[in-house]
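Student: Right, I'll just put the structure down here and ask away after.
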Amino acid sequence: MAKSALVKTVHTDCPVCNTFHQVEERARMTSTTIKGEKVFYEEHFYSCKNSGSAPDRKERNEFKTVALDDENLMSARNAYRKAHNLFTSDEIVTVRENYGLTQVELAKLLGWGEATIARYESKAIQDEAYDTMLRLIKENPLMAIQFLDKNGDKFQEPKRMQIRTKMIEKLDAYGKEYLSRQPLVSAYVKFSIPSDYNGYKLLDINKIESMISYYAEQASELYKVQLMNMLWYADALFYKTYNNSMTGLAYRHERLGAFPIGHQSLMQLKNVNVQAEEEYEYTKYHFYPNTALDRSELSKNEMVILDTVSAKFRNYSASDFVDSIQEEAAFRQTNQGDIIPYSMAKKIRAF
Ligand SMILES: [Zn+2]
């Protein structure tokens, strides 16, 4: 039987010993079959410590409630969705709430049956075509406005205007974000094919923004040289472990370490919270967390890598980084100005 970990203790009616007492809620990895595929997910169950010590005690002391069964089913379906790159139920809620819509309103907006969104947020797994439509409006409010123009007759008038106003607000913010991304996107046009230079992954700006914010949360003070090198270490370590980079950034051998191509543009991203601080005759760039970002862009495996890099480097100074990176084959075997191939990350020494 798989190992389980304690989640919390709760007071409940225990069907094992038929009393009301404190039981443990525990979690373990398990698998189930969804749409003909084996899916691994974290299952929760309750464990009663009151009864005997027969060899099969463990199984007999376990029980689940209807609510816990529902949660487990949801976790299994979300694991399937993640494996298929479909929005999880929580992500669908986020898309909907971003526009201030109810479940019925979002379903009407997209021209679907009124109960569709409620089903996707609770149990059913959406088809790929439905998922694509949700993605379109998540990433682009202009698409949402087009849907509203098409399906507007399904709404009462004051409501339709109210929804439209909200979408136009989003469009304004989206426009600013879009424009702030263009210089970096342009710098990566020549890396639009997976290769050894981008770690076989295409540029993922949402992820980069979340990484920067997360690093800024972890470090007491995060400055430019530190950040740029920590991005490289995360990408290099991820590549060493999983054979592709996290961000799709390409890095150059620079005087002060490994810096992403387009690092100036990277600092201008709307969701990167950076302040210029004047110190004597030069400017220091100080990075802060962006409280508007959550961690949904970062997978469990990515978080582990970020925590590893952060634990090692969060108190490093710029010169500590220069010393550390000089030790790396990726740096020794390239010249200043060269792009550092990810294949060299396989020999990374810092970890
Ligand atoms: Zn009990």
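Here's how to read the names in the structure tokens: chain A, B, ... by the order shown, residue numbers from 1 in each chain, ligand numbers from 1 in the order shown.
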Find the residues around range 178-181 of chain A up to 12 Å (only C-alpha atoms counted), leave out those fewer than 5 positions away in its own chain, and share them as a list in words.
Tutor: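 Final neighbour list, sorted by chain and number: Glu139, Asn140, Pro141, Lys170, Leu171, Asp172, Ala173, Ser186, Ala187, Tyr188, Leu203, Asp204, Ile205, Asn206, Ile208, Glu209, Gly262, Gln264, Ser265, Leu266, Met267, Gln268, Leu269, Lys270, Asn271 and Val272 of chain A.
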Student: So that I have them on file, write out the residues from the current selection with N, CA and C atoms, as an mmCIF file, in the first residue's frame.
Tutor:
data_model
loop_
_atom_site.group_PDB
_atom_site.id
_atom_site.type_symbol
_atom_site.label_atom_id
_atom_site.label_comp_id
_atom_site.auth_asym_id
_atom_site.auth_seq_id
_atom_site.Cartn_x
_atom_site.Cartn_y
_atom_site.Cartn_z
ATOM 1 N N GLU A 139 -7.147 34.620 -22.551
ATOM 2 C CA GLU A 139 -5.951 35.348 -22.940
ATOM 3 C C GLU A 139 -6.250 36.659 -23.642
ATOM 4 N N ASN A 140 -7.453 36.815 -24.152
ATOM 5 C CA ASN A 140 -7.713 37.996 -24.969
ATOM 6 C C ASN A 140 -9.132 38.541 -24.782
ATOM 7 N N PRO A 141 -9.259 39.654 -24.061
ATOM 8 C CA PRO A 141 -10.590 40.221 -23.809
ATOM 9 C C PRO A 141 -11.300 40.638 -25.104
ATOM 10 N N LYS A 170 -10.810 45.221 -18.968
ATOM 11 C CA LYS A 170 -9.806 44.159 -19.112
ATOM 12 C C LYS A 170 -8.976 44.388 -20.374
ATOM 13 N N LEU A 171 -9.650 44.839 -21.408
ATOM 14 C CA LEU A 171 -8.982 45.056 -22.690
ATOM 15 C C LEU A 171 -7.879 46.102 -22.543
ATOM 16 N N ASP A 172 -8.178 47.132 -21.761
ATOM 17 C CA ASP A 172 -7.221 48.198 -21.532
ATOM 18 C C ASP A 172 -5.961 47.643 -20.846
ATOM 19 N N ALA A 173 -6.167 46.865 -19.791
ATOM 20 C CA ALA A 173 -5.037 46.265 -19.067
ATOM 21 C C ALA A 173 -4.291 45.289 -19.980
ATOM 22 N N SER A 186 9.834 40.012 -29.793
ATOM 23 C CA SER A 186 10.636 40.258 -31.012
ATOM 24 C C SER A 186 12.038 39.687 -30.878
ATOM 25 N N ALA A 187 12.617 39.849 -29.675
ATOM 26 C CA ALA A 187 13.979 39.344 -29.474
ATOM 27 C C ALA A 187 14.038 37.821 -29.613
ATOM 28 N N TYR A 188 12.878 37.176 -29.465
ATOM 29 C CA TYR A 188 12.859 35.702 -29.509
ATOM 30 C C TYR A 188 12.298 35.143 -30.810
ATOM 31 N N LEU A 203 9.444 30.402 -25.696
ATOM 32 C CA LEU A 203 9.362 31.449 -24.675
ATOM 33 C C LEU A 203 7.991 31.444 -23.979
ATOM 34 N N ASP A 204 8.020 31.414 -22.643
ATOM 35 C CA ASP A 204 6.788 31.397 -21.857
ATOM 36 C C ASP A 204 6.823 32.598 -20.890
ATOM 37 N N ILE A 205 6.249 33.711 -21.326
ATOM 38 C CA ILE A 205 6.371 34.953 -20.552
ATOM 39 C C ILE A 205 5.585 34.883 -19.244
ATOM 40 N N ASN A 206 4.405 34.261 -19.258
ATOM 41 C CA ASN A 206 3.649 34.125 -18.001
ATOM 42 C C ASN A 206 4.505 33.440 -16.937
ATOM 43 N N ILE A 208 7.821 33.233 -16.808
ATOM 44 C CA ILE A 208 8.952 34.079 -16.404
ATOM 45 C C ILE A 208 8.488 35.097 -15.352
ATOM 46 N N GLU A 209 7.345 35.720 -15.597
ATOM 47 C CA GLU A 209 6.831 36.710 -14.643
ATOM 48 C C GLU A 209 6.570 36.078 -13.280
ATOM 49 N N GLY A 262 17.658 39.608 -24.293
ATOM 50 C CA GLY A 262 16.491 40.464 -24.069
ATOM 51 C C GLY A 262 16.268 40.799 -22.604
ATOM 52 N N GLN A 264 16.968 43.366 -20.925
ATOM 53 C CA GLN A 264 16.426 44.731 -20.719
ATOM 54 C C GLN A 264 14.912 44.736 -20.933
ATOM 55 N N SER A 265 14.482 44.064 -22.003
ATOM 56 C CA SER A 265 13.053 43.995 -22.312
ATOM 57 C C SER A 265 12.300 43.221 -21.238
ATOM 58 N N LEU A 266 12.982 42.247 -20.691
ATOM 59 C CA LEU A 266 12.376 41.421 -19.655
ATOM 60 C C LEU A 266 12.007 42.270 -18.428
ATOM 61 N N MET A 267 12.839 43.267 -18.146
ATOM 62 C CA MET A 267 12.571 44.124 -16.989
ATOM 63 C C MET A 267 11.425 45.095 -17.244
ATOM 64 N N GLN A 268 11.052 45.234 -18.527
ATOM 65 C CA GLN A 268 9.967 46.170 -18.842
ATOM 66 C C GLN A 268 8.606 45.494 -18.901
ATOM 67 N N LEU A 269 8.560 44.185 -18.662
ATOM 68 C CA LEU A 269 7.263 43.495 -18.688
ATOM 69 C C LEU A 269 6.336 44.116 -17.650
ATOM 70 N N LYS A 270 5.076 44.266 -18.048
ATOM 71 C CA LYS A 270 4.121 44.935 -17.170
ATOM 72 C C LYS A 270 3.997 44.232 -15.817
ATOM 73 N N ASN A 271 4.092 42.909 -15.814
ATOM 74 C CA ASN A 271 3.894 42.167 -14.565
ATOM 75 C C ASN A 271 5.175 41.941 -13.780
ATOM 76 N N VAL A 272 6.273 42.535 -14.227
ATOM 77 C CA VAL A 272 7.512 42.452 -13.455
ATOM 78 C C VAL A 272 7.618 43.727 -12.624
#
Student: Please check which protein, DNA or RNA residues sit within 8 Å of ligand 1, counting only C-alpha atoms and all ligand atoms, and write them as a list of chain:residue names.
Tutor: A:Asp13, A:Cys14, A:Pro15, A:Val16, A:Cys17, A:Asn18, A:Thr19, A:Phe20, A:His21, A:Gln22, A:Val23, A:Ser47, A:Cys48, A:Lys49, A:Asn50, A:Ser51, A:Asn61
Student: Please produce a file of those selected residues containing N, CA and C atoms, as a PDB file, in the first residue's frame.
Tutor:
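Output saved as part07.pdb:
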ATOM      1  N   ASP A  13     -18.185  11.823  12.758  1.00  0.00           N
ATOM      2  CA  ASP A  13     -18.838  10.554  13.057  1.00  0.00           C
ATOM      3  C   ASP A  13     -18.021   9.470  12.399  1.00  0.00           C
ATOM      4  N   CYS A  14     -17.481   8.570  13.177  1.00  0.00           N
ATOM      5  CA  CYS A  14     -16.617   7.542  12.608  1.00  0.00           C
ATOM      6  C   CYS A  14     -17.403   6.251  12.402  1.00  0.00           C
ATOM      7  N   PRO A  15     -17.536   5.772  11.174  1.00  0.00           N
ATOM      8  CA  PRO A  15     -18.298   4.553  10.919  1.00  0.00           C
ATOM      9  C   PRO A  15     -17.524   3.285  11.310  1.00  0.00           C
ATOM     10  N   VAL A  16     -16.221   3.435  11.574  1.00  0.00           N
ATOM     11  CA  VAL A  16     -15.410   2.259  11.927  1.00  0.00           C
ATOM     12  C   VAL A  16     -15.742   1.814  13.352  1.00  0.00           C
ATOM     13  N   CYS A  17     -15.766   2.783  14.300  1.00  0.00           N
ATOM     14  CA  CYS A  17     -16.048   2.415  15.687  1.00  0.00           C
ATOM     15  C   CYS A  17     -17.363   3.011  16.185  1.00  0.00           C
ATOM     16  N   ASN A  18     -18.082   3.642  15.257  1.00  0.00           N
ATOM     17  CA  ASN A  18     -19.406   4.175  15.596  1.00  0.00           C
ATOM     18  C   ASN A  18     -19.436   5.175  16.741  1.00  0.00           C
ATOM     19  N   THR A  19     -18.388   5.991  16.832  1.00  0.00           N
ATOM     20  CA  THR A  19     -18.445   7.098  17.805  1.00  0.00           C
ATOM     21  C   THR A  19     -18.036   8.385  17.099  1.00  0.00           C
ATOM     22  N   PHE A  20     -18.303   9.507  17.772  1.00  0.00           N
ATOM     23  CA  PHE A  20     -17.890  10.803  17.260  1.00  0.00           C
ATOM     24  C   PHE A  20     -16.542  11.092  17.910  1.00  0.00           C
ATOM     25  N   HIS A  21     -15.473  11.158  17.108  1.00  0.00           N
ATOM     26  CA  HIS A  21     -14.157  11.414  17.723  1.00  0.00           C
ATOM     27  C   HIS A  21     -13.203  12.011  16.687  1.00  0.00           C
ATOM     28  N   GLN A  22     -11.975  12.251  17.153  1.00  0.00           N
ATOM     29  CA  GLN A  22     -10.990  12.866  16.284  1.00  0.00           C
ATOM     30  C   GLN A  22     -10.356  11.800  15.387  1.00  0.00           C
ATOM     31  N   VAL A  23     -10.357  12.042  14.086  1.00  0.00           N
ATOM     32  CA  VAL A  23      -9.717  11.109  13.152  1.00  0.00           C
ATOM     33  C   VAL A  23      -8.707  11.880  12.306  1.00  0.00           C
ATOM     34  N   SER A  47      -8.687   8.109   8.755  1.00  0.00           N
ATOM     35  CA  SER A  47      -8.156   6.932   9.430  1.00  0.00           C
ATOM     36  C   SER A  47      -8.537   6.989  10.910  1.00  0.00           C
ATOM     37  N   CYS A  48      -9.145   5.902  11.392  1.00  0.00           N
ATOM     38  CA  CYS A  48      -9.553   5.791  12.800  1.00  0.00           C
ATOM     39  C   CYS A  48      -8.512   4.986  13.559  1.00  0.00           C
ATOM     40  N   LYS A  49      -8.094   5.493  14.705  1.00  0.00           N
ATOM     41  CA  LYS A  49      -7.042   4.805  15.477  1.00  0.00           C
ATOM     42  C   LYS A  49      -7.630   3.969  16.611  1.00  0.00           C
ATOM     43  N   ASN A  50      -8.944   3.927  16.705  1.00  0.00           N
ATOM     44  CA  ASN A  50      -9.562   3.316  17.889  1.00  0.00           C
ATOM     45  C   ASN A  50      -9.650   1.798  17.894  1.00  0.00           C
ATOM     46  N   SER A  51      -9.658   1.182  16.697  1.00  0.00           N
ATOM     47  CA  SER A  51      -9.963  -0.250  16.715  1.00  0.00           C
ATOM     48  C   SER A  51      -8.703  -1.111  16.752  1.00  0.00           C
ATOM     49  N   ASN A  61      -9.575   0.302   9.071  1.00  0.00           N
ATOM     50  CA  ASN A  61      -9.710   1.563   9.799  1.00  0.00           C
ATOM     51  C   ASN A  61      -9.864   2.778   8.898  1.00  0.00           C
TER      52      ASN A  61
END
Student: Taking into account only C-alpha atoms, which residue in the set A:Lys201, A:Lys190, A:Arg332, A:Lys64 is nearest to Glu25 in chain A?
Tutor: A:Lys64
Student: List the spatial neighbours of Glu328 in chain A as a PDB file with N, CA and C atoms, in the first residue's frame - criterion: any atom at most 8 Å away, only C-alpha atoms, same-chain residues fewer than 2 positions off excluded.
Tutor:
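This went into around-v4.pdb:
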ATOM      1  N   SER A 324      30.763  31.903  -8.699  1.00  0.00           N
ATOM      2  CA  SER A 324      30.101  30.605  -8.818  1.00  0.00           C
ATOM      3  C   SER A 324      29.990  30.165 -10.280  1.00  0.00           C
ATOM      4  N   ILE A 325      29.637  31.101 -11.123  1.00  0.00           N
ATOM      5  CA  ILE A 325      29.366  30.729 -12.498  1.00  0.00           C
ATOM      6  C   ILE A 325      30.658  30.460 -13.278  1.00  0.00           C
ATOM      7  N   GLN A 326      31.772  31.051 -12.810  1.00  0.00           N
ATOM      8  CA  GLN A 326      33.082  30.770 -13.437  1.00  0.00           C
ATOM      9  C   GLN A 326      33.412  29.291 -13.339  1.00  0.00           C
ATOM     10  N   ALA A 330      29.604  25.349 -18.569  1.00  0.00           N
ATOM     11  CA  ALA A 330      28.849  26.151 -19.530  1.00  0.00           C
ATOM     12  C   ALA A 330      29.504  27.519 -19.721  1.00  0.00           C
ATOM     13  N   PHE A 331      30.186  27.970 -18.696  1.00  0.00           N
ATOM     14  CA  PHE A 331      30.830  29.274 -18.750  1.00  0.00           C
ATOM     15  C   PHE A 331      32.280  29.156 -19.203  1.00  0.00           C
ATOM     16  N   ARG A 332      32.965  28.129 -18.720  1.00  0.00           N
ATOM     17  CA  ARG A 332      34.378  27.928 -19.079  1.00  0.00           C
ATOM     18  C   ARG A 332      34.527  27.645 -20.569  1.00  0.00           C
ATOM     19  N   LYS A 347      26.234  19.378 -17.228  1.00  0.00           N
ATOM     20  CA  LYS A 347      27.421  19.255 -16.364  1.00  0.00           C
ATOM     21  C   LYS A 347      27.380  20.272 -15.213  1.00  0.00           C
ATOM     22  N   ILE A 348      26.239  20.843 -14.951  1.00  0.00           N
ATOM     23  CA  ILE A 348      26.159  21.904 -13.941  1.00  0.00           C
ATOM     24  C   ILE A 348      26.750  21.423 -12.602  1.00  0.00           C
ATOM     25  N   ARG A 349      27.560  22.281 -11.977  1.00  0.00           N
ATOM     26  CA  ARG A 349      28.281  21.860 -10.766  1.00  0.00           C
ATOM     27  C   ARG A 349      27.632  22.333  -9.483  1.00  0.00           C
ATOM     28  N   ALA A 350      26.901  23.437  -9.554  1.00  0.00           N
ATOM     29  CA  ALA A 350      26.378  24.039  -8.339  1.00  0.00           C
ATOM     30  C   ALA A 350      25.413  23.106  -7.597  1.00  0.00           C
TER      31      ALA A 350
END
Student: Range 133-339 of chain A: which residues are strand (DSSP E or B) by DSSP, as a PyMOL selection string?
Tutor: chain A and resi 222-223+251-254+257-260+273-279+282-288+339
Student: With N, CA and C atoms kept, could you save the residues just selected as a compact mmCIF listing (two decimals), in the first residue's frame?
Tutor:
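Full text of out.txt as output:
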# COMPACT_ATOMS: atom_id res chain seq x y z
N LEU A 222 16.37 41.35 -3.96
CA LEU A 222 16.70 40.71 -5.24
C LEU A 222 17.08 41.78 -6.25
N TYR A 223 18.32 41.73 -6.71
CA TYR A 223 18.79 42.70 -7.69
C TYR A 223 19.06 42.01 -9.02
N TYR A 251 20.32 32.13 -23.14
CA TYR A 251 21.23 32.90 -22.29
C TYR A 251 22.56 33.14 -22.99
N ARG A 252 23.10 34.29 -22.68
CA ARG A 252 24.39 34.67 -23.23
C ARG A 252 25.44 34.71 -22.11
N HIS A 253 26.65 34.34 -22.43
CA HIS A 253 27.79 34.48 -21.53
C HIS A 253 28.14 35.97 -21.45
N GLU A 254 27.88 36.58 -20.29
CA GLU A 254 28.15 38.01 -20.11
C GLU A 254 29.20 38.17 -19.01
N GLY A 257 27.87 37.07 -15.61
CA GLY A 257 27.19 35.78 -15.50
C GLY A 257 26.40 35.42 -16.74
N ALA A 258 25.43 34.51 -16.55
CA ALA A 258 24.57 34.09 -17.66
C ALA A 258 23.33 34.96 -17.66
N PHE A 259 23.17 35.78 -18.71
CA PHE A 259 22.03 36.70 -18.78
C PHE A 259 21.13 36.30 -19.94
N PRO A 260 19.80 36.34 -19.73
CA PRO A 260 18.91 36.02 -20.85
C PRO A 260 19.06 37.04 -21.97
N ASN A 273 7.70 43.53 -11.31
CA ASN A 273 7.71 44.67 -10.38
C ASN A 273 9.15 45.03 -10.04
N VAL A 274 9.68 46.02 -10.76
CA VAL A 274 11.09 46.40 -10.55
C VAL A 274 11.19 47.91 -10.32
N GLN A 275 12.02 48.30 -9.37
CA GLN A 275 12.25 49.71 -9.08
C GLN A 275 13.72 50.04 -9.34
N ALA A 276 13.94 51.16 -10.00
CA ALA A 276 15.32 51.61 -10.19
C ALA A 276 15.74 52.40 -8.95
N GLU A 277 16.90 52.04 -8.41
CA GLU A 277 17.41 52.78 -7.24
C GLU A 277 18.75 53.40 -7.62
N GLU A 278 18.86 54.71 -7.42
CA GLU A 278 20.12 55.38 -7.76
C GLU A 278 21.09 55.21 -6.60
N GLU A 279 22.29 54.76 -6.91
CA GLU A 279 23.29 54.61 -5.87
C GLU A 279 24.62 55.11 -6.43
N TYR A 282 25.68 54.88 -10.30
CA TYR A 282 24.99 53.87 -11.11
C TYR A 282 23.60 53.52 -10.57
N THR A 283 22.85 52.81 -11.39
CA THR A 283 21.48 52.48 -11.05
C THR A 283 21.38 51.00 -10.68
N LYS A 284 20.71 50.71 -9.57
CA LYS A 284 20.49 49.31 -9.19
C LYS A 284 19.02 48.98 -9.45
N TYR A 285 18.78 47.81 -9.99
CA TYR A 285 17.40 47.39 -10.25
C TYR A 285 16.95 46.39 -9.19
N HIS A 286 15.98 46.82 -8.42
CA HIS A 286 15.51 46.04 -7.28
C HIS A 286 14.16 45.40 -7.64
N PHE A 287 14.06 44.08 -7.55
CA PHE A 287 12.84 43.36 -7.93
C PHE A 287 12.00 43.04 -6.69
N TYR A 288 10.69 43.24 -6.83
CA TYR A 288 9.74 42.96 -5.76
C TYR A 288 8.71 41.94 -6.24
N ILE A 339 26.16 32.52 -27.04
CA ILE A 339 24.95 31.93 -26.45
C ILE A 339 25.38 30.62 -25.80
Student: Find, counting only C-alpha atoms, the residue in A:Ser220, A:Ser31, A:Ser310, A:Asn98 that gets nearest to Trp232 in chain A.
Tutor: A:Ser310
Student: Restricting the calculation to only C-alpha atoms, which member of A:Ala27, A:Met161, A:Val10, A:Val93 is positioned closest to Lys138 in chain A?
Tutor: A:Val93
Student: Taking 5 positions as the minimum chain separation for residues in the same chain, which residues sit within 7 Å of Thr88 in chain A when counting only C-alpha atoms? Answer as a list in words.
Tutor: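 The neighbour list is Asn78, Arg81 and Lys82 of chain A.
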Student: Just to be explicit: take each residue in the selection above, keep N, CA and C atoms, and write the result as a PDB file, in the first residue's frame.
Tutor:
ATOM      1  N   ASN A  78      -8.853  16.483 -12.414  1.00  0.00           N
ATOM      2  CA  ASN A  78      -7.910  17.577 -12.645  1.00  0.00           C
ATOM      3  C   ASN A  78      -6.536  17.052 -13.054  1.00  0.00           C
ATOM      4  N   ARG A  81      -6.858  16.368 -16.634  1.00  0.00           N
ATOM      5  CA  ARG A  81      -6.849  17.622 -17.388  1.00  0.00           C
ATOM      6  C   ARG A  81      -5.427  18.157 -17.519  1.00  0.00           C
ATOM      7  N   LYS A  82      -4.670  18.127 -16.416  1.00  0.00           N
ATOM      8  CA  LYS A  82      -3.294  18.633 -16.472  1.00  0.00           C
ATOM      9  C   LYS A  82      -2.492  17.843 -17.495  1.00  0.00           C
TER      10      LYS A  82
END
Student: Report the distance between CA of Asn244 in chain A and CA of Lys35 in chain A in Å, rounded to one decimal place.
Tutor: 28.6 Å
Student: List as a ChimeraX atom specification the protein and nucleic acid residues near Thr116 in chain A, meaning an atom at most 9 Å away when only C-alpha atoms are counted, but skip any in the same chain fewer than 5 places from it.
Tutor: /A:103-104,107,121,124,126
Student: Restricting the calculation to only C-alpha atoms, which member of A:Thr65, A:Gln182, A:Thr165, A:Ser296 is positioned closest to Met211 in chain A?
Tutor: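 Nearest to Met211 in chain A: A:Ser296.
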Student: What is the distance, in Å and to one decimal place, between CA of Tyr342 in chain A and CA of Tyr200 in chain A?
Tutor: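 These atoms are spaced 8.8 Å apart.
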Student: Which residues are close to Leu306 in chain A, i.e. within 10 Å by only C-alpha atoms, leaving aside same-chain residues fewer than 5 positions away? Reply as a CSV table (one decimal) with C-alpha atoms, in the first residue's frame.
Tutor:
chain,number,residue,atom,x,y,z
A,211,MET,CA,9.3,33.0,-11.5
A,214,TYR,CA,8.5,34.0,-6.6
A,215,TYR,CA,12.2,34.7,-6.4
A,218,GLN,CA,12.1,34.3,-1.3
A,230,MET,CA,19.1,32.6,-10.8
A,231,LEU,CA,16.9,32.4,-13.9
A,233,TYR,CA,20.4,28.2,-12.8
A,234,ALA,CA,16.7,27.3,-12.7
A,235,ASP,CA,16.5,26.7,-16.4
A,237,LEU,CA,18.8,22.6,-13.4
A,238,PHE,CA,15.4,22.0,-14.9
A,298,LEU,CA,4.3,27.0,-11.9
A,300,LYS,CA,5.1,21.2,-8.6
A,301,ASN,CA,8.3,20.1,-10.3
A,311,ALA,CA,17.8,28.2,-1.1
Student: From the list A:Gln162, A:Ser75, A:Thr102, A:Thr308, which residue is nearest Glu114 in chain A when using only C-alpha atoms?
Tutor: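 Among A:Gln162, A:Ser75, A:Thr102, A:Thr308, it is A:Thr102 that comes nearest to Glu114 in chain A.
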Student: From the list A:Glu71, A:Thr12, A:Ala83, A:Ile168, which residue is nearest Phe40 in chain A when using only C-alpha atoms?
Tutor: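 The closest residue to Phe40 in chain A is A:Ala83.
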Student: Go ahead and compute the interatomic distance for CA of Lys346 in chain A and CA of Ala329 in chain A, in Å to one decimal.
Tutor: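 Straight-line distance from CA of Lys346 in chain A to CA of Ala329 in chain A works out to 9.3 Å.
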Student: Just the alpha helix (DSSP H) stuff from range 29-153 of chain A, please, per backbone DSSP, written as number ranges by chain.
Tutor: A: 57-60, 66-83, 89-98, 103-109, 116-122, 128-139, 141-151
Student: What's the 10 Å shell around range 143-154 of chain A, counting only C-alpha atoms, without same-chain residues fewer than 3 positions away, as a tab-separated table (two decimals) with N, CA and C atoms, in the first residue's frame?
Tutor:
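Heads up, here's the output in out_17.tsv:
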chain	number	residue	atom	x	y	z
A	99	TYR	N	-13.93	37.91	-15.45
A	99	TYR	CA	-14.90	38.76	-16.15
A	99	TYR	C	-16.13	39.05	-15.29
A	105	GLU	N	-24.01	32.84	-16.94
A	105	GLU	CA	-23.64	33.94	-17.85
A	105	GLU	C	-22.48	33.56	-18.77
A	106	LEU	N	-21.47	32.88	-18.20
A	106	LEU	CA	-20.34	32.48	-19.05
A	106	LEU	C	-20.80	31.47	-20.11
A	108	LYS	N	-23.80	31.27	-21.43
A	108	LYS	CA	-24.56	32.03	-22.44
A	108	LYS	C	-23.62	32.80	-23.36
A	109	LEU	N	-22.60	33.41	-22.75
A	109	LEU	CA	-21.66	34.22	-23.52
A	109	LEU	C	-21.03	33.38	-24.64
A	110	LEU	N	-20.69	32.14	-24.32
A	110	LEU	CA	-20.00	31.29	-25.30
A	110	LEU	C	-20.98	30.53	-26.17
A	111	GLY	N	-22.29	30.76	-25.94
A	111	GLY	CA	-23.31	30.10	-26.76
A	111	GLY	C	-23.50	28.64	-26.40
A	112	TRP	N	-23.20	28.28	-25.14
A	112	TRP	CA	-23.34	26.89	-24.70
A	112	TRP	C	-24.63	26.72	-23.90
A	133	MET	N	-12.05	27.46	-26.58
A	133	MET	CA	-12.83	28.70	-26.48
A	133	MET	C	-12.58	29.40	-25.15
A	134	LEU	N	-12.48	28.62	-24.08
A	134	LEU	CA	-12.19	29.22	-22.77
A	134	LEU	C	-10.81	29.87	-22.77
A	135	ARG	N	-9.85	29.22	-23.41
A	135	ARG	CA	-8.50	29.77	-23.49
A	135	ARG	C	-8.48	31.09	-24.27
A	136	LEU	N	-9.24	31.11	-25.35
A	136	LEU	CA	-9.29	32.32	-26.18
A	136	LEU	C	-9.74	33.51	-25.35
A	137	ILE	N	-10.83	33.35	-24.58
A	137	ILE	CA	-11.29	34.52	-23.83
A	137	ILE	C	-10.42	34.77	-22.60
A	138	LYS	N	-9.73	33.74	-22.08
A	138	LYS	CA	-8.84	33.99	-20.95
A	138	LYS	C	-7.72	34.92	-21.39
A	139	GLU	N	-7.15	34.62	-22.55
A	139	GLU	CA	-5.95	35.35	-22.94
A	139	GLU	C	-6.25	36.66	-23.64
A	140	ASN	N	-7.45	36.81	-24.15
A	140	ASN	CA	-7.71	38.00	-24.97
A	140	ASN	C	-9.13	38.54	-24.78
A	157	GLU	N	-30.79	43.82	-21.05
A	157	GLU	CA	-29.97	44.97	-21.43
A	157	GLU	C	-29.01	45.53	-20.36
A	159	LYS	N	-27.63	44.20	-17.92
A	159	LYS	CA	-26.60	43.19	-17.65
A	159	LYS	C	-25.56	43.16	-18.79
A	160	ARG	N	-26.07	43.20	-20.02
A	160	ARG	CA	-25.16	43.11	-21.17
A	160	ARG	C	-24.16	44.26	-21.15
A	161	MET	N	-24.66	45.47	-20.85
A	161	MET	CA	-23.79	46.65	-20.81
A	161	MET	C	-22.75	46.53	-19.70
A	163	ILE	N	-21.52	43.78	-18.39
A	163	ILE	CA	-20.50	42.80	-18.77
A	163	ILE	C	-19.53	43.42	-19.77
A	164	ARG	N	-20.11	44.17	-20.72
A	164	ARG	CA	-19.28	44.79	-21.74
A	164	ARG	C	-18.28	45.78	-21.14
A	165	THR	N	-18.76	46.58	-20.18
A	165	THR	CA	-17.90	47.56	-19.52
A	165	THR	C	-16.72	46.87	-18.85
A	166	LYS	N	-17.00	45.79	-18.17
A	166	LYS	CA	-15.94	45.02	-17.49
A	166	LYS	C	-14.91	44.51	-18.52
A	167	MET	N	-15.42	44.03	-19.66
A	167	MET	CA	-14.51	43.49	-20.68
A	167	MET	C	-13.62	44.59	-21.27
A	168	ILE	N	-14.17	45.77	-21.39
A	168	ILE	CA	-13.39	46.87	-21.94
A	168	ILE	C	-12.29	47.29	-20.96
A	170	LYS	N	-10.81	45.22	-18.97
A	170	LYS	CA	-9.81	44.16	-19.11
A	170	LYS	C	-8.98	44.39	-20.37
A	171	LEU	N	-9.65	44.84	-21.41
A	171	LEU	CA	-8.98	45.06	-22.69
A	171	LEU	C	-7.88	46.10	-22.54
